[in-house]
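This is run.cif (mmCIF, C-alpha atoms).
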data_my_file
#
loop_
_atom_site.label_atom_id
_atom_site.label_comp_id
_atom_site.auth_asym_id
_atom_site.auth_seq_id
_atom_site.Cartn_x
_atom_site.Cartn_y
_atom_site.Cartn_z
CA MET A 1 121.75 144.13 114.97
CA SER A 2 118.08 144.97 115.26
CA GLU A 3 118.99 148.63 114.66
CA LEU A 4 121.00 147.60 111.60
CA SER A 5 117.95 145.70 110.38
CA ARG A 6 115.80 148.79 110.81
CA ALA A 7 118.30 151.07 109.11
CA SER A 8 118.83 148.76 106.11
CA GLY A 9 115.38 147.24 105.77
CA VAL A 10 116.94 143.74 105.80
CA SER A 11 115.59 141.20 108.32
CA VAL A 12 117.76 140.03 111.23
CA ALA A 13 117.61 136.44 109.95
CA THR A 14 118.89 137.56 106.53
CA ILE A 15 121.62 139.69 108.12
CA LYS A 16 122.81 136.64 110.10
CA PHE A 17 122.77 134.57 106.92
CA TYR A 18 124.84 137.14 105.02
CA ARG A 19 127.27 137.28 108.00
CA ARG A 20 127.74 133.48 107.90
CA GLU A 21 128.28 133.64 104.13
CA GLY A 22 131.03 136.22 104.57
CA LEU A 23 129.15 138.92 102.66
CA LEU A 24 129.03 141.36 105.60
CA PRO A 25 132.00 142.18 107.84
CA PRO A 26 131.50 141.76 111.60
CA GLY A 27 130.56 144.75 113.77
CA VAL A 28 132.80 145.98 116.57
CA ALA A 29 131.90 144.03 119.72
CA VAL A 30 130.85 146.40 122.54
CA SER A 31 129.60 143.70 124.96
CA ALA A 32 128.98 139.96 124.98
CA THR A 33 125.67 140.35 123.20
CA ARG A 34 126.03 143.62 121.31
CA ALA A 35 128.13 144.77 118.38
CA ARG A 36 128.33 148.18 116.80
CA TYR A 37 127.52 148.54 113.11
CA ASP A 38 127.92 151.70 111.08
CA GLU A 39 126.87 153.25 107.79
CA SER A 40 129.27 151.02 105.85
CA HIS A 41 127.33 147.95 107.04
CA VAL A 42 124.05 149.51 105.94
CA ARG A 43 125.49 150.26 102.49
CA ARG A 44 126.94 146.76 102.18
CA LEU A 45 123.64 145.16 103.19
CA ARG A 46 121.69 147.21 100.67
CA MET A 47 124.13 146.27 97.93
CA VAL A 48 124.12 142.55 98.75
CA ARG A 49 120.35 142.46 98.92
CA ALA A 50 120.06 144.25 95.57
CA LEU A 51 122.46 141.81 93.90
CA VAL A 52 120.63 138.81 95.34
CA GLU A 53 117.02 139.92 95.05
CA VAL A 54 116.94 142.24 92.07
CA ALA A 55 119.77 140.97 89.87
CA ARG A 56 119.18 137.40 91.15
CA LEU A 57 122.89 136.67 91.19
CA PRO A 58 124.03 133.46 92.91
CA LEU A 59 125.81 133.97 96.27
CA SER A 60 129.13 132.79 94.82
CA VAL A 61 129.01 135.64 92.33
CA VAL A 62 127.97 138.19 94.96
CA ARG A 63 131.01 137.02 96.92
CA ASP A 64 133.27 137.89 93.95
CA VAL A 65 131.94 141.45 94.04
CA VAL A 66 132.42 141.69 97.82
CA THR A 67 135.96 140.34 97.45
CA ALA A 68 136.78 142.97 94.82
CA ILE A 69 135.54 145.70 97.18
CA GLU A 70 137.46 144.31 100.17
CA ASP A 71 140.64 144.00 98.09
CA HIS A 72 140.53 147.81 97.80
CA SER A 73 140.29 147.59 94.03
CA GLY A 74 139.64 150.82 92.15
CA MET A 75 136.18 151.87 91.02
CA HIS A 76 136.69 150.63 87.44
CA GLU A 77 137.82 147.18 88.63
CA VAL A 78 134.95 146.85 91.11
CA LEU A 79 132.38 147.90 88.52
CA GLY A 80 134.02 145.54 86.04
CA THR A 81 133.63 142.64 88.47
CA ALA A 82 129.98 143.57 88.97
CA HIS A 83 129.36 143.75 85.23
CA THR A 84 131.16 140.45 84.69
CA ALA A 85 128.86 138.91 87.29
CA LEU A 86 125.91 140.39 85.47
CA SER A 87 126.90 139.10 82.03
CA ARG A 88 125.92 135.61 82.97
CA PRO A 89 122.23 135.32 83.86
CA ALA A 90 120.68 138.12 81.82
CA LEU A 91 121.85 136.83 78.47
CA SER A 92 120.95 133.21 79.02
CA ARG A 93 117.31 133.48 78.07
CA PRO A 94 116.07 130.14 76.73
CA GLY A 95 116.61 129.59 73.05
CA LEU A 96 118.51 132.80 72.49
CA SER A 97 122.03 132.18 73.66
CA ARG A 98 123.87 129.36 75.28
CA PRO A 99 126.34 130.77 77.78
CA GLY A 100 128.31 127.53 77.90
CA GLU A 101 129.03 127.39 74.19
CA ALA A 102 132.03 129.07 72.67
CA PRO A 103 131.12 131.59 69.98
CA THR A 104 132.12 130.92 66.37
CA THR A 105 135.26 132.49 64.93
CA ARG A 106 133.10 134.50 62.55
CA ALA A 107 131.14 136.07 65.42
CA VAL A 108 134.30 136.78 67.40
CA GLN A 109 135.69 138.58 64.33
CA GLN A 110 132.47 140.58 63.99
CA VAL A 111 132.92 141.73 67.61
CA ASP A 112 136.63 142.49 67.12
CA GLY A 113 135.80 144.56 64.04
CA LEU A 114 133.11 146.46 65.93
CA VAL A 115 135.38 147.23 68.88
CA ARG A 116 138.05 148.48 66.46
CA ARG A 117 135.66 150.65 64.44
CA GLN A 118 134.11 152.13 67.58
CA ARG A 119 137.51 152.46 69.33
CA TRP A 120 136.07 151.01 72.50
CA ARG A 121 138.45 150.41 75.38
CA VAL A 122 137.40 146.91 76.37
CA HIS A 123 139.39 143.95 77.61
CA ALA A 124 140.23 141.22 75.11
CA GLY A 125 138.86 138.68 77.60
CA SER A 126 135.75 140.63 78.62
CA PRO A 127 132.75 138.31 79.08
CA SER A 128 130.52 140.91 77.39
CA ARG A 129 132.52 140.34 74.19
CA ALA A 130 131.77 136.61 74.32
CA ALA A 131 128.13 137.31 75.21
CA LEU A 132 127.84 139.63 72.21
CA ALA A 133 129.48 137.06 69.92
CA ARG A 134 127.05 134.37 71.10
CA ALA A 135 124.10 136.71 70.55
CA LEU A 136 125.34 137.33 66.99
CA ASP A 137 125.62 133.58 66.46
CA ALA A 138 122.04 133.08 67.64
CA TYR A 139 120.93 135.81 65.22
CA ASP A 140 122.84 134.18 62.36
CA SER A 141 121.52 130.71 63.18
CA LEU A 142 118.28 131.61 61.41
CA GLY A 143 120.05 132.16 58.15
CA ARG A 144 120.27 135.92 58.43
CA SER A 145 123.28 138.01 59.18
CA MET A 146 123.43 141.33 60.99
CA PRO A 147 124.59 143.96 58.47
CA VAL A 148 127.70 145.83 59.61
CA ASP A 149 126.09 149.25 59.28
CA ARG A 150 123.15 148.23 61.45
CA LEU A 151 125.46 146.78 64.08
CA ASP A 152 127.25 150.13 64.16
CA VAL A 153 123.94 151.99 64.62
CA TYR A 154 123.14 149.63 67.50
CA ALA A 155 126.60 150.13 69.02
CA GLU A 156 126.35 153.92 68.89
CA ALA A 157 122.89 153.84 70.45
CA ALA A 158 124.12 151.46 73.17
CA HIS A 159 127.06 153.76 73.85
CA ALA A 160 124.81 156.80 74.25
CA VAL A 161 122.75 154.82 76.77
CA ALA A 162 125.86 153.60 78.60
CA ALA A 163 127.27 157.13 78.82
CA ALA A 164 124.05 158.37 80.43
CA ASP A 165 124.12 155.38 82.81
CA VAL A 166 127.71 155.82 83.94
CA ALA A 167 127.30 159.59 84.33
CA GLY A 168 124.82 158.83 87.10
CA VAL A 169 127.05 156.43 89.06
CA PRO A 170 127.69 157.84 92.57
CA GLU A 171 131.39 158.11 93.41
CA ASP A 172 131.23 158.29 97.20
CA SER A 173 131.27 154.59 97.98
CA ARG A 174 132.03 151.53 95.88
CA GLU A 175 129.08 149.71 97.45
CA GLU A 176 126.69 152.41 96.32
CA ALA A 177 128.31 152.50 92.90
CA VAL A 178 127.90 148.72 92.45
CA GLU A 179 124.32 148.75 93.69
CA TYR A 180 123.53 151.64 91.39
CA ALA A 181 125.22 150.10 88.35
CA VAL A 182 123.88 146.57 88.72
CA VAL A 183 120.35 147.40 89.77
CA GLY A 184 120.16 150.23 87.27
CA THR A 185 121.33 147.99 84.43
CA VAL A 186 118.95 145.15 85.24
CA LEU A 187 115.90 147.29 85.92
CA SER A 188 116.37 149.51 82.92
CA GLU A 189 116.65 146.68 80.39
CA PRO A 190 112.87 146.22 80.17
CA ILE A 191 112.56 150.02 79.84
CA LEU A 192 114.94 150.05 76.87
CA LEU A 193 113.26 147.11 75.16
CA ALA A 194 109.81 148.66 75.64
CA LEU A 195 111.08 152.00 74.29
CA ARG A 196 112.42 150.27 71.20
CA ARG A 197 109.05 148.66 70.53
CA LEU A 198 107.23 151.92 71.03
CA ALA A 199 109.72 153.55 68.66
CA HIS A 200 109.07 150.76 66.13
CA GLU A 201 105.44 151.83 66.16
CA ASP A 202 106.38 155.44 65.46
CA VAL A 203 108.86 154.60 62.70
CA SER A 204 106.46 152.10 61.13
CA ALA A 205 103.66 154.68 61.16
CA ARG A 206 105.93 157.19 59.40
CA ARG A 207 107.17 154.68 56.84
CA PHE A 208 104.08 152.63 56.06
CA ARG A 209 100.98 154.53 57.10
CA THR A 210 101.47 157.41 54.73
CA THR A 211 102.65 155.45 51.71
CA ARG A 212 100.33 152.43 51.95
CA ARG A 213 96.68 152.63 52.80
CA PRO A 214 94.86 149.50 53.97
CA ARG A 215 92.73 148.14 51.13
CA ASP A 216 89.34 148.87 52.64
CA MET B 1 102.78 118.38 50.67
CA SER B 2 106.13 116.61 50.83
CA GLU B 3 107.48 119.12 48.30
CA LEU B 4 106.12 121.96 50.44
CA SER B 5 107.90 120.40 53.41
CA ARG B 6 111.16 120.32 51.44
CA ALA B 7 110.79 123.88 50.20
CA SER B 8 109.94 125.33 53.61
CA GLY B 9 112.03 123.10 55.85
CA VAL B 10 108.95 122.37 57.98
CA SER B 11 108.05 118.70 58.63
CA VAL B 12 104.90 117.21 57.07
CA ALA B 13 103.47 116.48 60.55
CA THR B 14 103.94 120.12 61.54
CA ILE B 15 102.42 121.34 58.25
CA LYS B 16 99.33 119.19 58.92
CA PHE B 17 99.12 120.57 62.44
CA TYR B 18 99.30 124.18 61.21
CA ARG B 19 96.63 123.34 58.60
CA ARG B 20 94.27 122.00 61.30
CA GLU B 21 94.92 125.09 63.42
CA GLY B 22 93.93 127.34 60.53
CA LEU B 23 97.37 128.93 60.25
CA LEU B 24 97.95 127.79 56.66
CA PRO B 25 95.39 128.08 53.86
CA PRO B 26 94.56 124.89 51.92
CA GLY B 27 96.29 124.13 48.62
CA VAL B 28 94.37 123.83 45.37
CA ALA B 29 93.21 120.20 45.04
CA VAL B 30 94.54 118.64 41.83
CA SER B 31 93.50 115.05 42.61
CA ALA B 32 92.01 113.06 45.50
CA THR B 33 95.39 112.78 47.21
CA ARG B 34 97.33 115.76 45.90
CA ALA B 35 97.05 119.50 46.36
CA ARG B 36 99.08 122.28 44.80
CA TYR B 37 100.92 124.68 47.08
CA ASP B 38 102.79 127.76 45.95
CA GLU B 39 105.35 130.28 47.15
CA SER B 40 102.75 131.99 49.36
CA HIS B 41 102.41 128.76 51.37
CA VAL B 42 106.17 128.52 51.79
CA ARG B 43 106.30 132.11 53.05
CA ARG B 44 103.39 131.56 55.42
CA LEU B 45 104.96 128.40 56.82
CA ARG B 46 108.27 130.10 57.43
CA MET B 47 106.55 132.98 59.19
CA VAL B 48 104.39 130.74 61.39
CA ARG B 49 107.35 128.61 62.35
CA ALA B 50 109.43 131.68 63.23
CA LEU B 51 106.64 133.09 65.41
CA VAL B 52 106.16 129.76 67.19
CA GLU B 53 109.74 128.57 67.52
CA VAL B 54 111.82 131.73 67.72
CA ALA B 55 109.44 134.24 69.27
CA ARG B 56 107.71 131.45 71.26
CA LEU B 57 104.31 133.03 70.78
CA PRO B 58 101.26 130.97 71.74
CA LEU B 59 99.20 129.68 68.78
CA SER B 60 96.27 131.95 69.67
CA VAL B 61 98.53 134.95 69.20
CA VAL B 62 100.00 133.63 65.94
CA ARG B 63 96.41 133.27 64.75
CA ASP B 64 95.82 137.01 65.39
CA VAL B 65 98.73 137.80 63.09
CA VAL B 66 97.46 135.41 60.41
CA THR B 67 94.00 136.94 60.68
CA ALA B 68 95.40 140.44 60.20
CA ILE B 69 97.20 139.27 57.06
CA GLU B 70 94.12 137.49 55.68
CA ASP B 71 91.95 140.54 56.39
CA HIS B 72 94.10 142.37 53.81
CA SER B 73 95.20 144.89 56.41
CA GLY B 74 97.91 147.35 55.42
CA MET B 75 101.56 146.82 56.28
CA HIS B 76 101.46 149.15 59.28
CA GLU B 77 98.42 147.36 60.77
CA VAL B 78 99.90 143.90 60.19
CA LEU B 79 103.22 144.90 61.74
CA GLY B 80 101.31 146.53 64.59
CA THR B 81 99.47 143.28 65.27
CA ALA B 82 102.76 141.41 65.25
CA HIS B 83 104.37 143.88 67.64
CA THR B 84 101.34 143.78 69.91
CA ALA B 85 101.69 140.01 70.01
CA LEU B 86 105.33 140.43 70.88
CA SER B 87 104.80 142.90 73.71
CA ARG B 88 103.47 140.17 75.93
CA PRO B 89 106.05 137.47 76.59
CA ALA B 90 109.32 139.33 76.20
CA LEU B 91 108.64 141.85 78.94
CA SER B 92 107.33 139.39 81.50
CA ARG B 93 110.67 138.30 82.87
CA PRO B 94 110.27 137.20 86.49
CA GLY B 95 110.55 139.95 89.06
CA LEU B 96 110.84 142.75 86.55
CA SER B 97 107.36 143.48 85.36
CA ARG B 98 103.96 142.05 85.96
CA PRO B 99 102.03 142.11 82.69
CA GLY B 100 98.72 141.63 84.48
CA GLU B 101 99.06 144.65 86.70
CA ALA B 102 97.89 148.07 85.61
CA PRO B 103 100.66 150.66 85.67
CA THR B 104 100.47 153.53 88.16
CA THR B 105 99.11 156.91 87.08
CA ARG B 106 102.55 158.40 87.69
CA ALA B 107 104.19 155.96 85.26
CA VAL B 108 101.47 156.49 82.65
CA GLN B 109 102.09 160.24 82.89
CA GLN B 110 105.84 159.67 82.50
CA VAL B 111 105.12 157.78 79.26
CA ASP B 112 102.64 160.40 78.04
CA GLY B 113 105.22 163.11 78.67
CA LEU B 114 107.90 161.15 76.81
CA VAL B 115 105.67 160.52 73.78
CA ARG B 116 104.81 164.24 73.68
CA ARG B 117 108.41 165.42 74.01
CA GLN B 118 109.61 162.95 71.36
CA ARG B 119 106.58 163.61 69.11
CA TRP B 120 106.14 159.90 68.58
CA ARG B 121 103.13 158.78 66.56
CA VAL B 122 101.88 155.98 68.79
CA HIS B 123 98.38 154.83 69.64
CA ALA B 124 96.93 155.89 72.99
CA GLY B 125 96.06 152.24 73.63
CA SER B 126 99.33 150.71 72.40
CA PRO B 127 100.43 147.78 74.60
CA SER B 128 104.04 149.01 74.36
CA ARG B 129 102.96 152.14 76.24
CA ALA B 130 101.60 150.02 79.09
CA ALA B 131 104.68 147.77 78.99
CA LEU B 132 106.92 150.83 79.25
CA ALA B 133 104.86 152.23 82.13
CA ARG B 134 105.10 148.92 84.00
CA ALA B 135 108.88 148.80 83.42
CA LEU B 136 109.13 152.34 84.86
CA ASP B 137 107.08 151.23 87.88
CA ALA B 138 109.42 148.27 88.45
CA TYR B 139 112.38 150.65 88.28
CA ASP B 140 110.75 153.04 90.75
CA SER B 141 109.79 150.22 93.12
CA LEU B 142 113.35 150.21 94.43
CA GLY B 143 113.09 153.75 95.63
CA ARG B 144 114.79 155.32 92.65
CA SER B 145 113.25 157.25 89.84
CA MET B 146 114.38 157.46 86.23
CA PRO B 147 115.48 161.07 85.58
CA VAL B 148 113.61 162.68 82.69
CA ASP B 149 116.80 163.58 80.81
CA ARG B 150 118.08 160.00 80.98
CA LEU B 151 114.74 158.65 79.78
CA ASP B 152 115.02 161.01 76.80
CA VAL B 153 118.54 159.75 76.03
CA TYR B 154 117.20 156.19 76.15
CA ALA B 155 114.27 157.11 73.92
CA GLU B 156 116.47 158.72 71.30
CA ALA B 157 118.82 155.74 71.29
CA ALA B 158 115.86 153.36 71.00
CA HIS B 159 114.50 155.41 68.11
CA ALA B 160 117.81 155.26 66.22
CA VAL B 161 117.77 151.48 66.64
CA ALA B 162 114.13 151.23 65.56
CA ALA B 163 114.77 153.36 62.47
CA ALA B 164 117.60 151.02 61.40
CA ASP B 165 115.35 148.02 62.07
CA VAL B 166 112.38 149.29 60.08
CA ALA B 167 114.58 150.42 57.19
CA GLY B 168 115.44 146.76 56.67
CA VAL B 169 111.85 145.46 56.60
CA PRO B 170 111.15 143.86 53.20
CA GLU B 171 108.06 145.30 51.49
CA ASP B 172 107.26 142.54 49.01
CA SER B 173 105.10 140.36 51.22
CA ARG B 174 103.46 140.95 54.56
CA GLU B 175 104.47 137.46 55.70
CA GLU B 176 108.12 138.20 55.06
CA ALA B 177 107.77 141.59 56.72
CA VAL B 178 106.23 140.05 59.85
CA GLU B 179 108.82 137.30 60.02
CA TYR B 180 111.59 139.80 59.57
CA ALA B 181 110.23 142.24 62.14
CA VAL B 182 109.35 139.72 64.83
CA VAL B 183 112.38 137.46 64.51
CA GLY B 184 114.67 140.43 64.08
CA THR B 185 113.31 142.13 67.17
CA VAL B 186 113.53 139.05 69.37
CA LEU B 187 116.95 137.90 68.20
CA SER B 188 118.52 141.32 68.34
CA GLU B 189 117.48 142.07 71.93
CA PRO B 190 120.37 140.06 73.42
CA ILE B 191 122.70 141.81 70.93
CA LEU B 192 121.57 145.23 72.13
CA LEU B 193 121.85 144.31 75.81
CA ALA B 194 125.33 142.84 75.30
CA LEU B 195 126.40 145.95 73.36
CA ARG B 196 125.24 148.16 76.20
CA ARG B 197 127.30 146.17 78.71
CA LEU B 198 130.35 146.30 76.48
CA ALA B 199 129.81 150.05 76.13
CA HIS B 200 129.55 150.33 79.94
CA GLU B 201 133.04 148.88 80.10
CA ASP B 202 134.36 151.47 77.65
CA VAL B 203 132.64 154.41 79.35
CA SER B 204 133.68 153.21 82.79
CA ALA B 205 137.30 152.86 81.63
CA ARG B 206 137.25 156.42 80.32
CA ARG B 207 135.61 157.83 83.42
CA PHE B 208 137.23 155.87 86.24
CA ARG B 209 140.48 154.34 85.02
CA THR B 210 142.23 157.60 84.33
CA THR B 211 141.02 159.52 87.39
CA ARG B 212 141.26 156.74 89.98
CA ARG B 213 144.10 154.27 90.22
CA PRO B 214 143.63 151.07 92.20
CA ARG B 215 145.44 151.38 95.52
CA ASP B 216 148.12 148.79 94.94
#
Rewritten as structure tokens:
Amino acid sequence: MSELSRASGVSVATIKFYRREGLLPPGVAVSATRARYDESHVRRLRMVRALVEVARLPLSVVRDVVTAIEDHSGMHEVLGTAHTALSRPALSRPGLSRPGEAPTTRAVQQVDGLVRRQRWRVHAGSPSRAALARALDAYDSLGRSMPVDRLDVYAEAAHAVAAADVAGVPEDSREEAVEYAVVGTVLSEPILLALRRLAHEDVSARRFRTTRRPRD
Amino acid sequence: MSELSRASGVSVATIKFYRREGLLPPGVAVSATRARYDESHVRRLRMVRALVEVARLPLSVVRDVVTAIEDHSGMHEVLGTAHTALSRPALSRPGLSRPGEAPTTRAVQQVDGLVRRQRWRVHAGSPSRAALARALDAYDSLGRSMPVDRLDVYAEAAHAVAAADVAGVPEDSREEAVEYAVVGTVLSEPILLALRRLAHEDVSARRFRTTRRPRD
């Protein structure tokens, strides 16, 4: 186990904790005090740690992902479970959306229309649909409404980003794929938001700096 | 003042508070107990309230925006001040970026390279540049590195979003423009992140569902 700790960078105490929580399968016992662990344990440990420490998912949710992997689900199903897990915390920023509340019919219809127009293959019950509907409700709650053409621009931009993301997913192991997808999604969100703000500066300079001079 | 409260939807107590904090100019006194307020006060109040309640900016930062408006700065400068104000809280989510820390030279060079390749007109000292560099550092801290071609895909997607955003900015008053830009940016971030996750589901279905069947 101390070798496993060295290979994975996870402390022995944490490895024992993950074992007790059922997040790591046992090694093959080779004596009363020693068990053999292999590369699959190292990959699993790295994935679990990334979900806990980087994505800050609760253990119960990490267990859902582990269960999907151990059920021998296909790559799409395992990634879907991971993304479902992820839909919860990241969108519940204070004041912006309320994950417990059901979205309004109007917002659900906006999402349905978008999915139809974009011909996206997404589950009717996907939690990202509900998260999007709630985000649209929060936007509308200030008396504005997202114009359909802007929502389509957003959707196409988001799809270009998602295509680049998924193209990079490693196919060799589902653990590596999950770690890559979840950590990549979480860590790249601040990159995307910062890029948008930097791009605002560029677009604003092009639109306003040439046509309107400060009155000085 | 009670009419101003009705017209703006902001309580009299809050209006008095904003007055004391210098965020709202005085009305024109018409008697010992009455002052005249006009549409410009209503617009200012709506903007201040949106910056405080929706964007959750500290009063000191809201004051910077008000100062930029009262200095008769041009639209680009006023929007720039608003976006600078915004760069602080939204990117300081726990564990993801540390606004206090200086970005590494490597990350700064990544941003410089991106701005050059994309030919973006952005200030050398723009806080969004530093925010982006810190987000890249956080991404790299897990032993991965954002590939240049993916960063360019992200940048182009972010620019398409920003162009749609800025096209909608009203030009009639700088207060309305600031309110629109700041509230729109903050409230649409969860929309963009939810869209990306929904798009992940579509791209993943196209890539993995047809080539790999679950083993059942």
Residues of chain B within 7 Å of chain A, counting all atoms listed in the file, as number ranges by chain: B: 72-76, 80, 91, 96, 120-122, 128-129, 131-132, 135-136, 139, 150, 153-155, 157-164, 166, 187-188, 190-192, 194-205, 208-209, 212-215
On this structure, the PyMOL selection byres ((chain A and resi 6-19) around 12) would catch which residues? List them as a PDB file with C-alpha atoms, keeping the file's coordinate frame, sorted by chain and number.
ATOM      1  CA  MET A   1     121.750 144.130 114.970  1.00  0.00           C
ATOM      2  CA  SER A   2     118.080 144.970 115.260  1.00  0.00           C
ATOM      3  CA  GLU A   3     118.990 148.630 114.660  1.00  0.00           C
ATOM      4  CA  LEU A   4     121.000 147.600 111.600  1.00  0.00           C
ATOM      5  CA  SER A   5     117.950 145.700 110.380  1.00  0.00           C
ATOM      6  CA  ARG A  20     127.740 133.480 107.900  1.00  0.00           C
ATOM      7  CA  GLU A  21     128.280 133.640 104.130  1.00  0.00           C
ATOM      8  CA  GLY A  22     131.030 136.220 104.570  1.00  0.00           C
ATOM      9  CA  LEU A  23     129.150 138.920 102.660  1.00  0.00           C
ATOM     10  CA  LEU A  24     129.030 141.360 105.600  1.00  0.00           C
ATOM     11  CA  PRO A  25     132.000 142.180 107.840  1.00  0.00           C
ATOM     12  CA  PRO A  26     131.500 141.760 111.600  1.00  0.00           C
ATOM     13  CA  GLY A  27     130.560 144.750 113.770  1.00  0.00           C
ATOM     14  CA  TYR A  37     127.520 148.540 113.110  1.00  0.00           C
ATOM     15  CA  ASP A  38     127.920 151.700 111.080  1.00  0.00           C
ATOM     16  CA  GLU A  39     126.870 153.250 107.790  1.00  0.00           C
ATOM     17  CA  SER A  40     129.270 151.020 105.850  1.00  0.00           C
ATOM     18  CA  HIS A  41     127.330 147.950 107.040  1.00  0.00           C
ATOM     19  CA  VAL A  42     124.050 149.510 105.940  1.00  0.00           C
ATOM     20  CA  ARG A  43     125.490 150.260 102.490  1.00  0.00           C
ATOM     21  CA  ARG A  44     126.940 146.760 102.180  1.00  0.00           C
ATOM     22  CA  LEU A  45     123.640 145.160 103.190  1.00  0.00           C
ATOM     23  CA  ARG A  46     121.690 147.210 100.670  1.00  0.00           C
ATOM     24  CA  MET A  47     124.130 146.270  97.930  1.00  0.00           C
ATOM     25  CA  VAL A  48     124.120 142.550  98.750  1.00  0.00           C
ATOM     26  CA  ARG A  49     120.350 142.460  98.920  1.00  0.00           C
ATOM     27  CA  ALA A  50     120.060 144.250  95.570  1.00  0.00           C
ATOM     28  CA  VAL A  52     120.630 138.810  95.340  1.00  0.00           C
ATOM     29  CA  GLU A  53     117.020 139.920  95.050  1.00  0.00           C
ATOM     30  CA  LEU A  59     125.810 133.970  96.270  1.00  0.00           C
ATOM     31  CA  SER A  60     129.130 132.790  94.820  1.00  0.00           C
ATOM     32  CA  VAL A  62     127.970 138.190  94.960  1.00  0.00           C
ATOM     33  CA  ARG A  63     131.010 137.020  96.920  1.00  0.00           C
ATOM     34  CA  VAL A  66     132.420 141.690  97.820  1.00  0.00           C
TER      35      VAL A  66
ATOM     36  CA  LEU B 142     113.350 150.210  94.430  1.00  0.00           C
TER      37      LEU B 142
END
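Nearest to Ile69 in chain B of all the residues B:Ala107, B:Ala82, B:Leu57, B:Gly125 is B:Ala82, based on only C-alpha atoms.
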Can you tell me how far CA of Glu179 in chain B sits from CA of Val148 in chain A, in Å to one decimal?
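These two atoms are separated by 20.7 Å.
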Quiz item: Rounded to one decimal in Å, what is the spacing between CA of Leu114 in chain B and CA of Val65 in chain B?
Solution: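 A separation of 28.6 Å between them.
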Interatomic distance, CA of Arg116 in chain B to CA of Thr81 in chain B (Å, one decimal):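 Answer for the CA of Arg116 in chain B to CA of Thr81 in chain B separation: 23.2 Å.
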Centre and edge lengths of an axis-aligned box around all listed atoms of range 73-87 of chain A, with 5 Å added on each side, are to be given in Å to one decimal, as JSON.
{"center_x": 133.1, "center_y": 145.4, "center_z": 88.0, "size_x": 24.4, "size_y": 23.0, "size_z": 22.0}
